[in-house]
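Trainee: The structure file final_9.cif (mmCIF, C-alpha atoms) is provided below.
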```cif
data_entry
#
loop_
_atom_site.label_atom_id
_atom_site.label_comp_id
_atom_site.auth_asym_id
_atom_site.auth_seq_id
_atom_site.Cartn_x
_atom_site.Cartn_y
_atom_site.Cartn_z
CA MET A 1 74.45 77.66 116.93
CA LEU A 2 78.17 77.19 117.31
CA VAL A 3 79.53 77.95 120.71
CA ILE A 4 82.65 80.06 120.74
CA PHE A 5 84.62 78.44 123.54
CA GLU A 6 85.76 80.01 126.79
CA GLY A 7 89.27 81.38 126.54
CA THR A 8 88.99 82.07 122.83
CA SER A 9 88.05 85.73 123.19
CA GLN A 10 91.59 86.84 122.35
CA VAL A 11 91.56 84.64 119.27
CA GLU A 12 88.09 85.88 118.35
CA THR A 13 89.26 89.50 118.64
CA THR A 14 92.22 88.69 116.42
CA VAL A 15 90.09 86.95 113.77
CA ARG A 16 87.70 89.92 113.72
CA ALA A 17 90.59 92.38 113.34
CA VAL A 18 92.21 90.32 110.57
CA LEU A 19 88.95 90.18 108.59
CA ALA A 20 88.58 93.96 108.94
CA ASP A 21 92.19 94.71 108.02
CA ILE A 22 92.61 92.31 105.10
CA LEU A 23 89.16 92.63 103.53
CA GLY A 24 88.92 96.37 104.17
CA LEU A 25 85.71 96.00 106.21
CA SER A 26 84.75 98.60 108.80
CA ALA A 27 85.21 97.83 112.49
CA ASP A 28 81.47 98.42 112.93
CA ARG A 29 80.66 95.79 110.35
CA VAL A 30 82.92 93.07 111.74
CA ALA A 31 81.65 93.87 115.24
CA THR A 32 78.24 92.56 114.14
CA PHE A 33 79.67 89.15 113.16
CA THR A 34 78.32 86.28 115.26
CA ALA A 35 79.29 82.62 115.25
CA ASP A 36 76.64 82.02 112.56
CA THR A 37 77.67 84.82 110.22
CA PRO A 38 78.51 83.19 106.88
CA LEU A 39 81.90 84.11 105.41
CA PHE A 40 83.16 82.36 102.26
CA GLY A 41 80.60 82.71 99.51
CA ALA A 42 78.69 85.36 101.47
CA LEU A 43 81.30 88.12 101.69
CA PRO A 44 82.21 89.28 98.17
CA GLU A 45 85.47 90.69 99.58
CA LEU A 46 86.55 87.19 100.63
CA ASP A 47 87.69 85.76 97.29
CA SER A 48 90.21 82.95 97.01
CA MET A 49 93.19 85.33 96.96
CA ALA A 50 91.90 87.04 100.09
CA VAL A 51 91.48 83.66 101.81
CA ALA A 52 95.22 83.10 101.43
CA SER A 53 95.97 86.54 102.88
CA VAL A 54 93.56 86.08 105.82
CA LEU A 55 95.07 82.73 106.77
CA THR A 56 98.65 83.97 106.46
CA GLU A 57 97.88 87.05 108.54
CA LEU A 58 96.25 84.84 111.19
CA GLU A 59 99.40 82.71 111.26
CA ASP A 60 101.55 85.78 111.84
CA ARG A 61 99.38 87.35 114.52
CA LEU A 62 98.64 84.17 116.44
CA GLY A 63 102.04 82.55 115.95
CA ILE A 64 100.45 79.45 114.44
CA LEU A 65 101.15 77.35 111.37
CA ILE A 66 98.30 76.27 109.10
CA GLU A 67 99.12 73.38 106.78
CA ASP A 68 97.69 73.69 103.28
CA ASP A 69 95.88 70.35 103.58
CA GLU A 70 94.00 71.70 106.61
CA ILE A 71 92.41 74.44 104.54
CA ASP A 72 88.88 73.51 103.50
CA GLY A 73 85.56 75.18 102.90
CA GLU A 74 84.19 74.20 106.29
CA MET A 75 86.62 76.30 108.32
CA LEU A 76 85.65 79.37 106.31
CA GLU A 77 81.94 78.71 106.22
CA THR A 78 81.07 80.87 109.23
CA PHE A 79 82.82 83.31 111.54
CA GLY A 80 82.38 80.81 114.38
CA ALA A 81 84.04 78.02 112.39
CA LEU A 82 87.03 80.20 111.59
CA VAL A 83 87.43 81.26 115.23
CA GLN A 84 87.11 77.65 116.34
CA PHE A 85 89.75 76.53 113.85
CA ALA A 86 92.16 79.32 114.83
CA ALA A 87 91.58 78.71 118.54
CA GLY A 88 92.29 75.01 118.10
CA LYS A 89 95.65 75.98 116.63
CA ALA A 90 96.48 78.82 118.98
CA LEU A 91 95.45 77.31 122.29
CA VAL A 92 97.10 73.89 122.10
CA MET B 1 113.48 121.30 93.34
CA THR B 2 111.76 119.21 95.95
CA GLY B 3 108.78 117.98 93.97
CA LEU B 4 108.43 114.58 92.38
CA ARG B 5 110.89 113.95 89.50
CA PHE B 6 111.33 111.10 87.07
CA ASP B 7 114.88 109.88 86.51
CA THR B 8 116.79 106.77 85.48
CA TYR B 9 119.82 104.84 86.69
CA ASP B 10 122.13 102.41 84.96
CA TRP B 11 123.42 99.07 86.11
CA ASN B 12 125.51 96.61 84.13
CA GLY B 13 122.39 94.87 82.81
CA GLY B 14 120.59 97.95 81.55
CA ARG B 15 118.70 101.08 82.57
CA GLU B 16 115.81 101.35 85.03
CA ALA B 17 113.41 104.14 85.95
CA MET B 18 113.19 105.78 89.34
CA LEU B 19 111.17 108.45 91.13
CA ARG B 20 112.93 111.13 93.17
CA PHE B 21 111.36 113.04 96.05
CA GLY B 22 112.73 115.94 98.08
CA PRO B 23 116.23 117.45 98.15
CA GLU B 24 119.16 115.85 96.34
CA SER B 25 121.72 116.90 98.94
CA GLY B 26 122.04 115.54 102.47
CA PRO B 27 121.07 112.03 103.52
CA ILE B 28 119.21 110.05 100.89
CA VAL B 29 116.70 107.26 101.38
CA ILE B 30 116.42 104.43 98.85
CA ALA B 31 112.98 102.84 99.06
CA ALA B 32 112.49 99.20 98.10
CA LEU B 33 108.95 97.97 97.51
CA PRO B 34 108.08 94.34 98.23
CA LEU B 35 108.42 91.93 95.31
CA PHE B 36 105.50 90.94 93.06
CA GLU B 37 101.87 91.57 94.02
CA GLU B 38 102.64 93.29 97.33
CA ALA B 39 104.44 96.03 95.38
CA ASN B 40 101.14 97.12 93.83
CA ARG B 41 99.48 97.19 97.22
CA THR B 42 102.17 99.34 98.85
CA ARG B 43 103.31 101.71 96.08
CA GLN B 44 100.94 104.56 96.92
CA PHE B 45 101.61 104.16 100.66
CA THR B 46 105.36 104.22 100.05
CA CYS B 47 105.08 107.39 97.94
CA THR B 48 103.14 108.99 100.82
CA ILE B 49 106.00 108.12 103.21
CA LEU B 50 108.55 109.56 100.76
CA ARG B 51 106.59 112.81 100.32
CA ALA B 52 106.40 113.12 104.12
CA LEU B 53 110.16 112.51 104.33
CA ALA B 54 110.65 115.40 101.89
CA ASP B 55 108.67 117.56 104.34
CA HIS B 56 111.30 116.55 106.93
CA GLY B 57 113.99 117.74 104.49
CA ILE B 58 115.10 114.25 103.49
CA GLY B 59 115.41 113.28 99.84
CA SER B 60 114.52 109.85 98.56
CA ILE B 61 114.47 107.57 95.56
CA LEU B 62 111.96 104.90 94.59
CA PRO B 63 113.69 102.78 91.94
CA ASP B 64 112.30 100.09 89.71
CA VAL B 65 114.50 97.02 89.88
CA PRO B 66 114.90 94.74 86.85
CA GLY B 67 111.63 92.85 86.35
CA SER B 68 109.50 95.25 88.44
CA GLY B 69 107.44 98.36 87.74
CA GLU B 70 108.19 99.86 84.32
CA SER B 71 111.27 97.69 83.79
CA VAL B 72 111.83 96.33 80.28
CA VAL B 73 112.97 93.08 81.90
CA ALA B 74 110.03 90.64 81.87
CA THR B 75 109.00 89.21 85.25
CA ILE B 76 109.82 85.70 84.02
CA ASP B 77 113.43 86.88 83.42
CA ALA B 78 113.77 88.61 86.79
CA LYS B 79 116.48 87.31 89.11
CA LEU B 80 117.01 88.37 92.70
CA SER B 81 120.77 88.53 92.11
CA ASP B 82 120.23 91.03 89.25
CA GLN B 83 117.85 93.10 91.35
CA ARG B 84 120.42 93.25 94.15
CA ARG B 85 123.11 94.20 91.64
CA ALA B 86 120.97 97.01 90.22
CA TYR B 87 120.20 98.30 93.73
CA ARG B 88 123.92 98.22 94.53
CA ALA B 89 124.76 100.15 91.34
CA LEU B 90 122.17 102.80 92.22
CA LYS B 91 123.61 103.14 95.72
CA GLN B 92 127.13 103.54 94.38
CA ARG B 93 126.22 106.72 92.55
CA LEU B 94 124.64 108.24 95.68
CA GLY B 95 127.46 108.50 98.20
CA THR B 96 127.93 107.54 101.82
CA ARG B 97 124.83 109.03 103.45
CA SER B 98 122.45 106.51 101.91
CA TYR B 99 119.84 104.67 103.94
CA ALA B 100 117.56 101.80 102.95
CA LEU B 101 113.82 102.03 103.53
CA SER B 102 112.75 98.51 102.68
CA ILE B 103 109.24 97.16 102.99
CA ARG B 104 108.44 93.45 103.41
CA SER B 105 110.39 91.42 100.80
CA GLY B 106 111.95 94.69 99.58
CA ALA B 107 114.36 93.97 102.45
CA LEU B 108 115.81 91.20 100.27
CA LEU B 109 117.05 93.80 97.75
CA ASP B 110 119.33 95.99 99.91
CA THR B 111 121.66 93.18 101.05
CA ASP B 112 124.61 93.81 98.72
CA ALA B 113 124.77 97.59 98.94
CA ASP B 114 127.14 99.47 101.21
CA LEU B 115 124.64 101.55 103.19
CA ALA B 116 124.91 103.82 106.25
CA GLY B 117 121.84 102.07 107.65
CA ARG B 118 118.84 99.90 106.93
CA TRP B 119 115.28 100.66 108.10
CA HIS B 120 112.95 97.73 107.51
CA LEU B 121 109.15 97.68 107.77
CA ALA B 122 107.79 94.20 108.54
CA PRO B 123 110.66 92.52 106.66
CA GLN B 124 109.90 89.17 105.06
CA THR B 125 112.27 86.30 104.34
CA GLY B 126 112.37 84.67 100.90
CA CYS B 127 111.13 81.45 102.48
CA ASP B 128 108.03 83.18 103.90
CA LEU B 129 107.45 84.94 100.58
CA LEU B 130 107.53 81.60 98.73
CA ARG B 131 105.04 80.18 101.24
CA ASP B 132 102.72 83.14 100.58
CA LEU B 133 103.09 82.67 96.81
CA GLU B 134 102.39 78.95 97.00
CA ARG B 135 99.35 79.44 99.20
CA THR B 136 97.92 82.16 96.98
CA ARG B 137 98.45 79.96 93.96
CA ALA B 138 96.81 76.98 95.67
CA ALA B 139 93.86 79.15 96.74
CA ALA B 140 93.43 80.28 93.15
CA GLY B 141 93.35 76.61 92.09
CA LYS B 142 96.31 76.96 89.76
CA SER B 143 98.82 74.70 91.48
CA ASP B 144 99.39 72.79 88.24
CA ARG B 145 99.85 75.86 86.05
CA GLY B 146 103.60 75.83 85.79
CA ASP B 147 105.39 79.04 86.55
CA GLU B 148 102.47 81.37 87.31
CA TYR B 149 102.17 82.75 90.84
CA ALA B 150 99.29 85.16 91.52
CA GLY B 151 99.51 86.55 88.01
CA ASN B 152 103.32 86.69 87.92
CA ARG B 153 105.35 84.19 85.90
CA LEU B 154 108.49 83.39 87.88
CA SER B 155 111.57 81.50 86.72
CA PRO B 156 113.01 78.50 88.59
CA GLU B 157 116.16 80.60 89.12
CA MET B 158 114.20 83.33 90.90
CA LEU B 159 112.39 80.80 93.08
CA ALA B 160 115.69 79.10 93.97
CA GLU B 161 117.34 82.41 94.85
CA LEU B 162 114.41 83.39 97.06
CA ARG B 163 114.48 80.12 99.02
CA ASP B 164 117.50 81.10 101.12
CA ALA B 165 117.24 84.88 100.90
CA VAL B 166 117.04 86.73 104.22
CA PRO B 167 117.10 90.43 105.10
CA ARG B 168 120.47 91.79 106.20
CA GLU B 169 120.69 93.31 109.67
CA ASP B 170 124.44 93.97 109.93
CA GLY B 171 126.68 96.42 108.08
CA GLY B 172 125.69 99.90 109.24
CA ARG B 173 122.85 100.86 111.55
CA TYR B 174 119.72 98.74 111.63
CA ARG B 175 116.15 99.42 112.72
CA VAL B 176 113.13 97.17 112.30
CA VAL B 177 109.60 98.56 112.60
CA ARG B 178 106.40 96.51 112.64
CA LEU B 179 102.68 96.96 113.00
CA ASP B 180 101.48 96.55 116.58
CA THR B 181 99.54 93.43 115.55
CA ASP B 182 102.81 91.65 114.62
CA PRO B 183 104.20 89.78 117.65
CA ARG B 184 107.76 89.50 116.31
CA ALA B 185 110.63 91.52 117.81
CA ALA B 186 110.83 95.16 116.69
CA ASP B 187 112.55 98.40 117.62
CA ALA B 188 109.21 100.20 117.33
CA THR B 189 105.61 99.32 116.51
CA TYR B 190 102.80 101.40 115.06
CA ALA B 191 99.05 100.89 114.77
CA GLY B 192 97.77 100.20 111.27
CA ALA B 193 96.48 97.59 108.86
CA PRO B 194 98.86 95.48 106.73
CA LEU B 195 98.20 97.18 103.39
CA TRP B 196 100.47 94.63 101.69
CA ARG B 197 97.86 91.92 102.28
CA ARG B 198 94.81 93.92 101.23
CA SER B 199 93.11 92.71 98.07
CA GLU B 200 92.37 96.30 97.06
CA PRO B 201 95.33 98.72 97.11
CA GLY B 202 94.88 101.24 99.90
CA ASN B 203 96.71 103.98 101.73
CA ASP B 204 97.15 105.05 105.34
CA ILE B 205 98.27 108.66 105.45
CA ALA B 206 98.46 108.87 109.26
CA LEU B 207 100.67 105.78 109.44
CA ALA B 208 102.84 107.01 106.55
CA GLN B 209 103.44 110.28 108.42
CA GLN B 210 104.32 108.46 111.64
CA LEU B 211 106.76 106.22 109.79
CA ALA B 212 108.36 109.20 108.02
CA ALA B 213 108.88 110.87 111.41
CA ASP B 214 110.41 107.64 112.75
CA ILE B 215 112.79 107.42 109.78
CA SER B 216 113.70 111.09 110.05
CA HIS B 217 114.57 110.77 113.78
CA TRP B 218 116.48 107.57 113.16
CA ILE B 219 118.57 109.11 110.38
CA ALA B 220 119.30 112.11 112.60
CA SER B 221 120.50 109.76 115.34
CA CYS B 222 122.62 107.80 112.84
CA GLU B 223 124.29 110.98 111.66
CA GLY B 224 124.51 112.72 115.04
#
```
Would you put the structure from the file into structure tokens?

Mentor:
Amino acid sequence: MLVIFEGTSQVETTVRAVLADILGLSADRVATFTADTPLFGALPELDSMAVASVLTELEDRLGILIEDDEIDGEMLETFGALVQFAAGKALV
Amino acid sequence: MTGLRFDTYDWNGGREAMLRFGPESGPIVIAALPLFEEANRTRQFTCTILRALADHGIGSILPDVPGSGESVVATIDAKLSDQRRAYRALKQRLGTRSYALSIRSGALLDTDADLAGRWHLAPQTGCDLLRDLERTRAAAGKSDRGDEYAGNRLSPEMLAELRDAVPREDGGRYRVVRLDTDPRAADATYAGAPLWRRSEPGNDIALAQQLAADISHWIASCEG
């Protein structure tokens, strides 16, 4: 299981909120997401258009910049992977 | 005469449709939807704000600009300079107590009009809009499909005009409002989800009412 690092709780909260807001998921549903929860391919709401919106919203809320060549399937595979990617950008 | 009415306005490139809400006397709000896909996601929400403004006794207009909504101008022929010119022509027939209510990249449309004030919700620069369009296009795997961006065909002229386009903050009163999740500077923030990024169009009646109250107070302070 992926470990969601110390100090990333703010980032994790933001990622959860962005998934709820952009995909129109309930707060209760995103609250059940763990590091292992699969995202891309598992959430029908998360189509390729929505991926672009999620990443752009994360950029705005976290004040980070995601280069297009950094975007790959791995970072969107699980909730933990997305938090880890965002934290790596936000906490440097 | 405060219900929803359909009307038109003329600019030197043709005629466009517009919706009118609320009274036709007193201060008037001109709403500008974001460009392209975000317009579809915010139209219903914007109409809810405008209906709430009518409840505050403030009339408003939601115009199509050339290349948007019901316009006979095709999206591929749309130019930002024409859209700004049409907006300006609409303003000129409305008088001095006109205020912009511009959402996201809609803030790029009110720049050339002589307005008493501008109220912007989460305004977006042309540069940021282009970045969004490029990313959406890349995500859809269509980066080599010429002029199509998220279902809209855009001309090189439009893309070039957007590159340097920024919202205008001077010339009359200015107020910028953002969602409380947006860390950028704002005169006020409100809780809510960014409907303009939702894949499925949605509405937020509570937020629309709060924003209408904000606009109503702001206009009163501008005129007081």

Trainee: For segment 61-68 of chain B, I'd like the enclosing box, axis-aligned and padded by 6 Å on every side, reported as JSON with centre and edge lengths in Å to one decimal.

Mentor:
```
{"center_x": 112.2, "center_y": 100.2, "center_z": 91.0, "size_x": 17.4, "size_y": 26.7, "size_z": 21.2}
```

Trainee: Do me a favour and pick out the residues of chain B within 9 Å of chain A, using all atoms listed in the file, as a list in words.

Mentor: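 That gives the following set of residues: Asp132, Arg135, Thr136, Arg137, Ala138, Ala139, Ala140, Gly141, Ala150, Thr181, Asp182, Pro183, Arg184, Gly192, Ala193, Pro194, Leu195, Trp196, Arg197, Arg198, Ser199, Glu200 and Gly202 of chain B.
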
Trainee: What are the closest atom pairs, with distances in Å to one decimal, for all residues of segment 125-221 of chain B lying within 6 Å of segment 40-61 of chain B? Consider all atoms listed in the file, order rows by chain and residue number, and present the result as JSON lines.

Mentor:
```
{"residue": "B:Trp196", "atom": "CA", "partner": "B:Arg41", "partner_atom": "CA", "distance": 5.2}
{"residue": "B:Pro201", "atom": "CA", "partner": "B:Arg41", "partner_atom": "CA", "distance": 4.4}
{"residue": "B:Asn203", "atom": "CA", "partner": "B:Phe45", "partner_atom": "CA", "distance": 5.0}
{"residue": "B:Ala208", "atom": "CA", "partner": "B:Ile49", "partner_atom": "CA", "distance": 4.7}
{"residue": "B:Gln209", "atom": "CA", "partner": "B:Ala52", "partner_atom": "CA", "distance": 5.9}
{"residue": "B:Ala212", "atom": "CA", "partner": "B:Leu53", "partner_atom": "CA", "distance": 5.3}
```

Trainee: Kindly extract all protein, DNA and RNA residues lying within 9 Å of the coordinates (86.0, 83.7, 112.0) given in the file, considering only C-alpha atoms, and supply them as a compact mmCIF listing (two decimals) with C-alpha atoms, in the frame of the given file.

Mentor:
```
# COMPACT_ATOMS: atom_id res chain seq x y z
CA GLU A 12 88.09 85.88 118.35
CA VAL A 15 90.09 86.95 113.77
CA ARG A 16 87.70 89.92 113.72
CA LEU A 19 88.95 90.18 108.59
CA PHE A 33 79.67 89.15 113.16
CA THR A 34 78.32 86.28 115.26
CA ALA A 35 79.29 82.62 115.25
CA THR A 37 77.67 84.82 110.22
CA LEU A 39 81.90 84.11 105.41
CA MET A 75 86.62 76.30 108.32
CA LEU A 76 85.65 79.37 106.31
CA GLU A 77 81.94 78.71 106.22
CA THR A 78 81.07 80.87 109.23
CA PHE A 79 82.82 83.31 111.54
CA GLY A 80 82.38 80.81 114.38
CA ALA A 81 84.04 78.02 112.39
CA LEU A 82 87.03 80.20 111.59
CA VAL A 83 87.43 81.26 115.23
CA GLN A 84 87.11 77.65 116.34
CA PHE A 85 89.75 76.53 113.85
CA ALA A 86 92.16 79.32 114.83
```

Trainee: Go ahead and compute the interatomic distance for atom CA of Pro66 of chain B and atom CA of Gln83 of chain B, in Å to one decimal.

Mentor: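 Result for atom CA of Pro66 of chain B versus atom CA of Gln83 of chain B: 5.6 Å, one decimal.
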
Trainee: For the structure shown, which residues end up in the PyMOL selection byres ((chain B and resi 105) around 9)? Put them as a PyMOL selection string, please?

Mentor: chain B and resi 32-35+38+102-104+106-109+122-126+129+166-167

Trainee: Write the residues you've just listed into a file as a PDB file, in the frame of the given file, and include C-alpha atoms for each of them.

Mentor:
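Saved to selection.pdb:
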```pdb
ATOM      1  CA  ALA B  32     112.490  99.200  98.100  1.00  0.00           C
ATOM      2  CA  LEU B  33     108.950  97.970  97.510  1.00  0.00           C
ATOM      3  CA  PRO B  34     108.080  94.340  98.230  1.00  0.00           C
ATOM      4  CA  LEU B  35     108.420  91.930  95.310  1.00  0.00           C
ATOM      5  CA  GLU B  38     102.640  93.290  97.330  1.00  0.00           C
ATOM      6  CA  SER B 102     112.750  98.510 102.680  1.00  0.00           C
ATOM      7  CA  ILE B 103     109.240  97.160 102.990  1.00  0.00           C
ATOM      8  CA  ARG B 104     108.440  93.450 103.410  1.00  0.00           C
ATOM      9  CA  GLY B 106     111.950  94.690  99.580  1.00  0.00           C
ATOM     10  CA  ALA B 107     114.360  93.970 102.450  1.00  0.00           C
ATOM     11  CA  LEU B 108     115.810  91.200 100.270  1.00  0.00           C
ATOM     12  CA  LEU B 109     117.050  93.800  97.750  1.00  0.00           C
ATOM     13  CA  ALA B 122     107.790  94.200 108.540  1.00  0.00           C
ATOM     14  CA  PRO B 123     110.660  92.520 106.660  1.00  0.00           C
ATOM     15  CA  GLN B 124     109.900  89.170 105.060  1.00  0.00           C
ATOM     16  CA  THR B 125     112.270  86.300 104.340  1.00  0.00           C
ATOM     17  CA  GLY B 126     112.370  84.670 100.900  1.00  0.00           C
ATOM     18  CA  LEU B 129     107.450  84.940 100.580  1.00  0.00           C
ATOM     19  CA  VAL B 166     117.040  86.730 104.220  1.00  0.00           C
ATOM     20  CA  PRO B 167     117.100  90.430 105.100  1.00  0.00           C
TER      21      PRO B 167
END
```

Trainee: Using all atoms listed in the file, find each residue in segment 72-178 of chain B having at least one atom no more than 12 Å away from segment 20-27 of chain B; report its shortest atom-to-atom pair and that distance in Å (one decimal), rows by chain then rising number, as a Markdown table.

Mentor:
```
| residue | atom | partner | partner_atom | distance |
| --- | --- | --- | --- | --- |
| B:Leu94 | CA | B:Glu24 | CA | 9.4 |
| B:Gly95 | CA | B:Pro27 | CA | 9.0 |
| B:Thr96 | CA | B:Pro27 | CA | 8.4 |
| B:Arg97 | CA | B:Pro27 | CA | 4.8 |
| B:Ser98 | CA | B:Pro27 | CA | 5.9 |
| B:Tyr99 | CA | B:Pro27 | CA | 7.5 |
| B:Ala100 | CA | B:Pro27 | CA | 10.8 |
| B:Leu115 | CA | B:Pro27 | CA | 11.1 |
| B:Ala116 | CA | B:Pro27 | CA | 9.5 |
| B:Gly117 | CA | B:Pro27 | CA | 10.8 |
```

Trainee: One decimal, in Å: what's the spacing between atom CA of His120 of chain B and atom CA of Tyr174 of chain B?

Mentor: 8.0 Å

Trainee: Restricting the calculation to all atoms listed in the file, which member of B:Leu207, B:Leu19, B:Ile219, B:Leu4 is positioned closest to Asp180 of chain B?

Mentor: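 The shortest atom-to-atom distance to Asp180 of chain B comes from B:Leu207.
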
Trainee: Residue by residue, what does the PyMOL selection byres ((chain B and resi 158) around 12) grab here? Present the result as a list in words.

Mentor: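 Those residues are Leu35, Phe36, Gly67, Thr75, Ile76, Asp77, Ala78, Lys79, Leu80, Ser81, Asp82, Gln83, Gly126, Leu129, Leu130, Asp147, Asn152, Arg153, Leu154, Ser155, Pro156, Glu157, Leu159, Ala160, Glu161, Leu162, Arg163, Asp164 and Ala165 of chain B.
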
Trainee: Would you mind exporting C-alpha atoms of the selected residues as a JSON list (two decimals), keeping the file's coordinate frame?

Mentor:
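Wrote out15.json, looks like this:
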```json
[["chain", "number", "residue", "atom", "x", "y", "z"],
["B", 35, "LEU", "CA", 108.42, 91.93, 95.31],
["B", 36, "PHE", "CA", 105.50, 90.94, 93.06],
["B", 67, "GLY", "CA", 111.63, 92.85, 86.35],
["B", 75, "THR", "CA", 109.00, 89.21, 85.25],
["B", 76, "ILE", "CA", 109.82, 85.70, 84.02],
["B", 77, "ASP", "CA", 113.43, 86.88, 83.42],
["B", 78, "ALA", "CA", 113.77, 88.61, 86.79],
["B", 79, "LYS", "CA", 116.48, 87.31, 89.11],
["B", 80, "LEU", "CA", 117.01, 88.37, 92.70],
["B", 81, "SER", "CA", 120.77, 88.53, 92.11],
["B", 82, "ASP", "CA", 120.23, 91.03, 89.25],
["B", 83, "GLN", "CA", 117.85, 93.10, 91.35],
["B", 126, "GLY", "CA", 112.37, 84.67, 100.90],
["B", 129, "LEU", "CA", 107.45, 84.94, 100.58],
["B", 130, "LEU", "CA", 107.53, 81.60, 98.73],
["B", 147, "ASP", "CA", 105.39, 79.04, 86.55],
["B", 152, "ASN", "CA", 103.32, 86.69, 87.92],
["B", 153, "ARG", "CA", 105.35, 84.19, 85.90],
["B", 154, "LEU", "CA", 108.49, 83.39, 87.88],
["B", 155, "SER", "CA", 111.57, 81.50, 86.72],
["B", 156, "PRO", "CA", 113.01, 78.50, 88.59],
["B", 157, "GLU", "CA", 116.16, 80.60, 89.12],
["B", 159, "LEU", "CA", 112.39, 80.80, 93.08],
["B", 160, "ALA", "CA", 115.69, 79.10, 93.97],
["B", 161, "GLU", "CA", 117.34, 82.41, 94.85],
["B", 162, "LEU", "CA", 114.41, 83.39, 97.06],
["B", 163, "ARG", "CA", 114.48, 80.12, 99.02],
["B", 164, "ASP", "CA", 117.50, 81.10, 101.12],
["B", 165, "ALA", "CA", 117.24, 84.88, 100.90]]
```

Trainee: One number please: atom CA of Ala206 of chain B to atom CA of Ser26 of chain A, in Å, one decimal.

Mentor: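 These two atoms are separated by 17.1 Å.
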
Trainee: Which one is closest to Glu37 of chain B: B:Leu133, B:Tyr87, B:Gly13, B:Gln92? Count all atoms listed in the file.

Mentor: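 Smallest separation from Glu37 of chain B among the options: B:Leu133.
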
Trainee: Near Asp10 of chain B, within 8 Å and counting only C-alpha atoms, which residues show up once chain neighbours fewer than 5 positions away are dropped, as a PyMOL selection string?

Mentor: chain B and resi 15-16+86+89-90
